[in-house]
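A quick write-up on the structure given underneath.
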Amino acid sequence: MSKNDKLERQKRIRNFSIIAHIDHGKSTLADRILEKTSALTQREMKEQMLDAMDLERERGITIKLNAVQLTYKAKDGEEYIFHLIDTPGHVDFSYEVSRSLAACEGALLIVDAAQGIEAQTLANVYLALENDLEIIPVINKIDLPSAEPERVRKEIEDVIGLDASDAVLASAKAGIGIEDILEQVVEKVPAPQGDPEGPLKALIFDSLYDSYRGVVAYIQIKEGTVKVGDKIKMMATGKEFEVNEIGVFTPKPVMKDELTVGDVGFLTASIKNVGDSRVGDTITHAKKGADTPLPGYRRMNPMVFCGLYPVDSNNYNDLREALERLELNDSSLQYEPETSQALGFGFRCGFLGLLHMEIIQERIEREFGIDLITTAPSVIYNVHLTNGETLVVDNPANMPDPQSVDHVEEPYVKASVMTPNDYVGPVMEICQKKRGNFITMEYMDDIRVNVIYEIPLSEIVYDFFDQLKSSTKGYASLDYELIGYRTSKLVKMDILLNGEKIDALSVIVHRDFAYDRGKAVVEKLRELIPRHQFEIPVQAAIGQKIVARTNIRALRKNVLAKCYGGDISRKRKLLEKQKEGKKRMKTVGNVEVPQEAFMSVLRMDSDD
Amino acid sequence: MVKAAYIHIPFCEQICHYCDFNKFLLQGQPVDEYLDAMDLEMKRLVQSADQEPIETIYIGGGTPTALNEEQLKRMLESVKANLKPIHPDVEFTVEANPSVTDRNKLTVLKEAGVNRLSIGVQAFQDKLLTALNRNHRQADVWKMIAEAQSIGFENISIDLMFGLPGQTLDMFKQSVHHALELGVPHISAYSLQVEKQTVFYIRDQKGQLTLPGEEQESEMFEYLISTLRANGYQQYEISNFGKPGYESQHNLVYWKNDEYYGIGAGAHGYLANHRYENVKPLPHYIRKIKDGELPQRLSNELTEKEQMEEEVFLGLRKMSGVDKKVFLERYNVQIDEIFAAQIEKLVAEGLLINDAESLRLTQKGVFLGNEVFQEFIGVI
């Protein structure tokens with residue numbers, strides 16, 4: 001293609017993504033767009049095509065980004081090339097969202113006509129505005145009886161400050177307004193700018209690992225042209241590779257010889273590790289490459305840590321292999337071997353957030369068939385010792401003795417909770433209980449309030465969001481960002497089972513809350529740990545001091561004294577089931593502890 | 001060789017809320033057709049030529065006494081005609097409902113050679129009987145048993161239940177005392193298990209079933225054992241108590257891991273190392289018989305390992321335990337050898353007694369039987 005042809009084609013490219021809160025209908029809209037642009041035959045059309053992984057579909061969220069090339073014949077008679085770039089909808093993945101937005105020139109902002117704007121949507125809209133994206137508001141689900149499109153239109157104008165007079169009224173489910181959306185994309189989203197013959201700058205906005213081809217990098221070309229056989233360089237790591245394959249997704253992968261400015265597609269180059277193809281990095285040519293990378297690259301740092309241990313210690317190597325495999329696909333996953341007296345050999349793993357942690361855990365159990373014990377999630381503490389040294393502690397078990405600690409710093413976040421004003425009371429109560437400092441409260445409109453708190457990250461990593469949801473009938477939405485470290489009166493609380501300290505159950509708590517937490521934890525453990533043939537004291541201790549205790553009474557009767565008329569197979573099955581249940585527990589000392597007990601130390605029931 | 005037979009009569013006049021056996025409301029069921037089919041099943045199953053004498057016959061249900069006199073008579077004749085030869089000292093048991101207080105049905109049983117009755121008393125409180133949806137009241141029990149005794153039934157067993165919704169320890173004590181007053185030589189006591197496809201299960205799922213806790217249930221079980229023992233009943237199996245010489249020979253077949261025929265819809269049998277279950281729906285059962293087949297739904301061949309496991313977990317239910325000599329004869333290996341680690345652990349925990357002749361539960365082991373049994377599964 002000549003330079004002129006490239007520039008002509010470039011004018012007809014539109015790159016956009018969809019910003020939406022979970023449940024506001026993003027995937028359904030994506031499906032409708034795919035249908036309208038005939039990317040798929042009806043036969044190929046699967047429900048919610050873009051959410052590829054089962055896990056994503058079950059959770060109704062998109063974790064991995066995908067990009068699809070579509071062709072759309074607009075009313076002006078021209079055929080346009082659309083690239084629809086899907087974004088994850090969860091706060092753990094906000095950096096990935098920002099990179100995928102950086103690969104676009106426009107975004108559809110989907111707002112539920114009944115529920116209005118949510119905190120997470122707002123955060124992503126701000127990300128889009130930061131990236132200078134043209135935003136097209138779409139008010140979705142207008143066919144719902146509870147839809148209030150005019151109120152939502154006003155909200156978009158008041159809260160975000162966007163002109164919503166042209167906002168498309170749509171129902172992705174009923175197929176209403178889809179063409180209007182596509183026409184607005186043509187009209188409003190600018191074509192990508194850039195010189196197709198300049199030095200190559202390709203933004204990596206996602207990557208995944210394919211066992212045959214190595215890393216598949218998802219890229220958008222900002223400057224220049226890349227061809228099969230080119231020698232390329234990753235600007236953040238300096239690593240060089242030779243391009244094997246180039247292509248686009250339609251959504252089926254289609255091979256191309258080259259990609260040029262505005263194109264969104266994929267590239268493979270025998271890259272063995274996802275870490276060599278980092279999200280946000282810029283690809284250029286090894287020779288005569290660009291001088292400066294595209295802005296915005298950031299190495300992702302895990303915020304939440306936990307120990308992962310195989311229930312059956314024979315599976316340690318399998319677990320390591322599973323983590324190695326997952327890491328290929330997910331450069332934000334970190335892990336290193338650790339040993340626990342109680343649990344044996346395992347790994348301390350770092351995650352972007354709780355959801356990320358749960359997903360990894362579930363994938364290990366499902367895809368690799370390894371039963372796991374997960375210890376309660378922890379954050380990174382800076383522990384300043386009396387001798388002037390500073391320790392970085394990501395595992396409560398490693399917290400030094402109180403007498404050698406001068407003070408401890410913990411990470412704080414600024415949390416924005418958006419809630420209908422009826423629930424401001426319960427929301428504040430939860431934030432208060434989680435050691436939050438109230439900062440401010442902003443009324444978004446007559447009904448909705450954005451409550452802003454500074455809260456220790458450790459308090460929100462566990463069940464904060466669940467509690468918010470349950471005390472606001474599901475209306476609250478949450479967004480948070482790290483704001484730095486602060487000194488807190490923190491102590492390590494140990495748990496003793498049958499007189500033995502169980503390191504994997506240690507947890508770091510605020511001194512003022514220690515007694516209540518201790519009581520709650522021992523009670524929870526009493527419920528979760530099955531009765532044994534002997535009585536088991538359960539104690540919570542700070543240093544040498546016992547702050548709470550209870551007993552799990554001895555098992556008195558477990559024998560099937562049922563009449564079962566010769567049905568021996570049934571009896572065998574029952575015994576096998578009981579035995580299987582025991583296998584899924586971890587024997588700690590002489591106590592069998594179920595998996596969920598290790599997480600329970602952070603659980604704070606709402607009736608505490 | 002097979003020396004025992006279980007025959008299932010799946011009809012009831014009323015369905016109990018806890019029962020998950022194969023059973024159907026009597027009204028409108030093809031009872032006569034069913035009895036014909038059972039007759040054919042027995043003919044097909046029992047090859048008289050090489051059949052050793054049958055030592056125990058147990059007719060259970062359902063409710064065998066839900067059949068009318070005519071049907072009852074015909075069914076018993078069919079059983080005797082097909083299960084031949086019958087050992088002269090056969091134990092011939094029929095389950096009877098306490099609501100059968102009329103003399104005629106009991107006389108039919110007696111005249112057919114039935115020599116043992118197993119009576120589903122369950123409890124002596126009308127409130128509990130109602131809650132279980134039994135169709136008898138406690139007054140019926142006294143009347144029925146007196147009637148049976150007057151006809152000449154002497155080997156009578158009654159069933160009691162514990163761990164029932166609304167049952168207190170005092171109620172259970174009362175039931176045990178009444179059971180003793182009846183003067184029957186055998187008592188079975190079963191704890192309630194909430195099973196799927198029962199009214200209790202549905203209530204439990206909805207959170208509408210309040211059962212006594214583990215503590216209370218243990219107290220009931222403890223009381224039962226000590227009281228019956230003090231009154232001359234030996235606990236010869238976890239749930240079974242008898243005066244000397246009155247142990248249920250048929251139930252012992254199960255615990256000794258011996259073979260037995262299972263006849264009738266939904267019956268279970270154990271033949272030639274296969275555990276099988278017959279199809280449950282009546283039309284299906286009848287059709288299979290008419291098609292000239294055996295009505296078996298599942299037939300699972302046990303490996304030798306599984307046979308050894310079952311030998312142990314069934315044998316340990318008996319207070320006499322697993323007979324080591326029999327184990328060696330059957331499997332050509334010493335039980336102490338093949339289960340060495342398990343036995344050592346359980347003996348150390350005070351759950352098992354291991355001597356030269358047998359391996360058996362301690363008193364503590366009786367209460368924690370499942371903890372013991374599961375140790376032997378999947379380890380060889």
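Lettering and numbering for the structure tokens are positional, with chains as A, B, ... in the shown order, residues counted from 1 in each chain, and ligands counted from 1 in the shown order.
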
Which residues of chain B come within 6 Å of chain A, and for each one, what is the closest pair of atoms and their distance in Å to one decimal, counting only C-alpha atoms, sorted by chain and residue number, as CSV?
```
residue,atom,partner,partner_atom,distance
B:Tyr190,CA,A:Lys562,CA,5.0
B:Ser191,CA,A:Ala561,CA,5.4
B:Ser218,CA,A:Lys557,CA,5.8
B:Ser239,CA,A:Ala561,CA,5.6
B:His268,CA,A:Asp567,CA,5.8
B:Phe367,CA,A:Lys557,CA,4.7
B:Leu368,CA,A:Asn558,CA,4.6
B:Gly369,CA,A:Val559,CA,4.7
B:Asn370,CA,A:Val559,CA,4.9
B:Gln374,CA,A:Leu575,CA,5.4
```

Grab the residues selected above and save them as a PDB file, in the first residue's frame with N, CA and C atoms.
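In the end it all went to again-v1.pdb:
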```pdb
ATOM      1  N   TYR B 190     -32.930 -47.112  65.813  1.00  0.00           N
ATOM      2  CA  TYR B 190     -32.290 -46.407  64.709  1.00  0.00           C
ATOM      3  C   TYR B 190     -32.338 -44.911  64.940  1.00  0.00           C
ATOM      4  N   SER B 191     -31.274 -44.230  64.546  1.00  0.00           N
ATOM      5  CA  SER B 191     -31.317 -42.775  64.654  1.00  0.00           C
ATOM      6  C   SER B 191     -31.789 -42.205  63.320  1.00  0.00           C
ATOM      7  N   SER B 218     -26.483 -38.245  71.456  1.00  0.00           N
ATOM      8  CA  SER B 218     -25.556 -39.157  72.131  1.00  0.00           C
ATOM      9  C   SER B 218     -26.116 -39.608  73.465  1.00  0.00           C
ATOM     10  N   SER B 239     -27.041 -51.032  66.157  1.00  0.00           N
ATOM     11  CA  SER B 239     -28.439 -50.646  66.348  1.00  0.00           C
ATOM     12  C   SER B 239     -29.318 -51.781  66.855  1.00  0.00           C
ATOM     13  N   HIS B 268     -32.275 -54.651  47.285  1.00  0.00           N
ATOM     14  CA  HIS B 268     -30.837 -54.781  47.098  1.00  0.00           C
ATOM     15  C   HIS B 268     -30.408 -56.217  47.367  1.00  0.00           C
ATOM     16  N   PHE B 367     -19.634 -45.352  69.386  1.00  0.00           N
ATOM     17  CA  PHE B 367     -20.206 -44.017  69.172  1.00  0.00           C
ATOM     18  C   PHE B 367     -19.564 -43.300  67.989  1.00  0.00           C
ATOM     19  N   LEU B 368     -18.332 -43.703  67.690  1.00  0.00           N
ATOM     20  CA  LEU B 368     -17.614 -43.019  66.612  1.00  0.00           C
ATOM     21  C   LEU B 368     -17.336 -43.977  65.452  1.00  0.00           C
ATOM     22  N   GLY B 369     -18.296 -44.886  65.233  1.00  0.00           N
ATOM     23  CA  GLY B 369     -18.116 -45.930  64.228  1.00  0.00           C
ATOM     24  C   GLY B 369     -17.661 -45.408  62.871  1.00  0.00           C
ATOM     25  N   ASN B 370     -18.289 -44.330  62.409  1.00  0.00           N
ATOM     26  CA  ASN B 370     -17.933 -43.846  61.066  1.00  0.00           C
ATOM     27  C   ASN B 370     -16.490 -43.374  60.991  1.00  0.00           C
ATOM     28  N   GLN B 374     -14.288 -45.360  58.076  1.00  0.00           N
ATOM     29  CA  GLN B 374     -13.723 -44.675  56.905  1.00  0.00           C
ATOM     30  C   GLN B 374     -12.207 -44.821  56.811  1.00  0.00           C
TER      31      GLN B 374
END
```

Please identify all polymer residues within 12 Å of Pro185 of chain B, counting only C-alpha atoms, omitting same-chain residues fewer than 6 positions from it, and present them as a compact mmCIF listing (two decimals) with C-alpha atoms, in the first residue's frame.
```txt
# COMPACT_ATOMS: atom_id res chain seq x y z
CA ARG B 116 -40.57 -63.76 63.62
CA LEU B 117 -42.28 -60.37 63.48
CA SER B 118 -40.51 -57.04 63.18
CA GLN B 149 -48.32 -63.16 71.29
CA PHE B 153 -45.59 -65.33 67.98
CA GLU B 154 -42.86 -65.28 70.53
CA ASN B 155 -39.85 -64.03 68.54
CA ILE B 156 -40.91 -60.43 68.16
CA SER B 157 -38.70 -57.46 67.44
CA ILE B 158 -39.67 -53.84 67.66
CA ASP B 159 -38.06 -50.79 66.03
CA ALA B 179 -40.42 -51.30 75.03
CA LEU B 228 -31.13 -52.43 77.59
CA ASN B 231 -32.31 -55.57 81.34
CA GLY B 232 -30.61 -58.53 79.75
CA TYR B 233 -30.47 -57.40 76.14
CA GLN B 234 -27.12 -57.70 74.46
CA ASN B 240 -29.57 -54.11 67.45
CA PHE B 241 -30.22 -55.58 70.87
CA GLY B 242 -31.43 -59.04 71.73
CA LYS B 243 -31.93 -61.52 74.53
CA PRO B 244 -29.41 -64.39 74.11
CA GLY B 245 -30.43 -66.58 71.19
CA TYR B 246 -32.69 -63.94 69.66
CA GLU B 247 -30.20 -62.10 67.49
CA SER B 248 -31.60 -61.45 64.03
```

Practice prompt. Would you work out the distance separating atom CA of Arg275 of chain B from atom CA of Lys305 of chain B, expressed in Å to one decimal?
Written response: 14.4 Å

Worksheet entry | Surrounding residues of Lys433 of chain A excluding itself and chain neighbours under 3 positions, 10 Å, only C-alpha atoms, as a ChimeraX atom specification | /A:427-430,436,459,513,604

Discussion item. For segment 405-412 of chain A, find every residue with an atom within 6 Å (counting only C-alpha atoms), except residues of its own chain fewer than 5 positions away, and show them as a list in words.
Written reply: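 Counting only the stated atoms, we get Tyr381, Asn382, Val383, His384, Leu385, Thr386, Ile455, Pro456, Leu457, Ile483, Gly484, Tyr485, Arg486, Thr487 and Ser488 of chain A.
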
Worksheet item: Residues of segment 319-516 of chain A in strand (DSSP E) according to DSSP, as a PyMOL selection string?
Response: chain A and resi 334-340+344-351+372-374+381-385+390-393+405-420+437-443+448-456+477-488+490-497+500-501+507-510

Discussion item. Report as a ChimeraX atom specification all protein, DNA and RNA residues lying within 12 Å of Gly238 of chain A, evaluated on only C-alpha atoms, omitting residues in the same chain fewer than 4 positions from it.
Written reply: /A:232-234,276-278,281-286,289,293

Selected residues written out with C-alpha atoms, as a PDB file, in the first residue's frame:
```pdb
ATOM      1  CA  ILE A 232      11.411  -5.229  16.933  1.00  0.00           C
ATOM      2  CA  LYS A 233      12.379  -3.941  20.350  1.00  0.00           C
ATOM      3  CA  MET A 234      10.380  -3.601  23.571  1.00  0.00           C
ATOM      4  CA  ASP A 276       8.771  -9.329  28.114  1.00  0.00           C
ATOM      5  CA  SER A 277       5.668  -7.889  26.566  1.00  0.00           C
ATOM      6  CA  ARG A 278       4.284  -5.688  29.279  1.00  0.00           C
ATOM      7  CA  ASP A 281       5.034  -0.781  26.813  1.00  0.00           C
ATOM      8  CA  THR A 282       5.851   0.512  23.342  1.00  0.00           C
ATOM      9  CA  ILE A 283       7.102  -1.688  20.516  1.00  0.00           C
ATOM     10  CA  THR A 284       9.447  -0.090  18.010  1.00  0.00           C
ATOM     11  CA  HIS A 285      11.889  -1.323  15.407  1.00  0.00           C
ATOM     12  CA  ALA A 286      15.227  -2.601  16.619  1.00  0.00           C
ATOM     13  CA  GLY A 289      13.423   2.925  16.161  1.00  0.00           C
ATOM     14  CA  PRO A 293       8.165   5.551  24.059  1.00  0.00           C
TER      15      PRO A 293
END
```

Write out as a PDB file with N, CA and C atoms, in the first residue's frame which residues come within 7 Å of Thr121 of chain A when counting only C-alpha atoms, dropping same-chain ones fewer than 2 positions away.
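New file part.pdb:
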```pdb
ATOM      1  N   ILE A  19     -17.298   1.853  27.987  1.00  0.00           N
ATOM      2  CA  ILE A  19     -17.160   2.029  29.433  1.00  0.00           C
ATOM      3  C   ILE A  19     -18.523   1.769  30.053  1.00  0.00           C
ATOM      4  N   ALA A  20     -18.553   0.889  31.019  1.00  0.00           N
ATOM      5  CA  ALA A  20     -19.840   0.596  31.650  1.00  0.00           C
ATOM      6  C   ALA A  20     -19.603  -0.022  33.006  1.00  0.00           C
ATOM      7  N   HIS A  21     -20.560   0.148  33.872  1.00  0.00           N
ATOM      8  CA  HIS A  21     -20.514  -0.546  35.149  1.00  0.00           C
ATOM      9  C   HIS A  21     -20.952  -1.990  34.898  1.00  0.00           C
ATOM     10  N   ILE A 117     -25.358   6.620  37.103  1.00  0.00           N
ATOM     11  CA  ILE A 117     -23.895   6.478  37.100  1.00  0.00           C
ATOM     12  C   ILE A 117     -23.400   5.839  38.399  1.00  0.00           C
ATOM     13  N   GLU A 118     -22.424   4.953  38.260  1.00  0.00           N
ATOM     14  CA  GLU A 118     -21.828   4.319  39.438  1.00  0.00           C
ATOM     15  C   GLU A 118     -20.374   4.782  39.597  1.00  0.00           C
ATOM     16  N   ALA A 119     -19.857   4.599  40.807  1.00  0.00           N
ATOM     17  CA  ALA A 119     -18.510   5.107  41.097  1.00  0.00           C
ATOM     18  C   ALA A 119     -17.461   4.570  40.120  1.00  0.00           C
ATOM     19  N   ALA A 123     -14.941   6.597  37.516  1.00  0.00           N
ATOM     20  CA  ALA A 123     -13.483   6.491  37.514  1.00  0.00           C
ATOM     21  C   ALA A 123     -12.979   6.238  36.092  1.00  0.00           C
ATOM     22  N   ASN A 124     -13.690   5.376  35.365  1.00  0.00           N
ATOM     23  CA  ASN A 124     -13.245   5.068  34.008  1.00  0.00           C
ATOM     24  C   ASN A 124     -13.494   6.219  33.041  1.00  0.00           C
ATOM     25  N   VAL A 125     -14.568   6.968  33.288  1.00  0.00           N
ATOM     26  CA  VAL A 125     -14.814   8.133  32.449  1.00  0.00           C
ATOM     27  C   VAL A 125     -13.665   9.125  32.627  1.00  0.00           C
TER      28      VAL A 125
END
```

Item to complete: Calculate how many Å separate atom CA of Asp318 of chain A from atom CA of Lys583 of chain A, rounding to one decimal.
Response: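 Here the two named atoms are 17.5 Å from each other.
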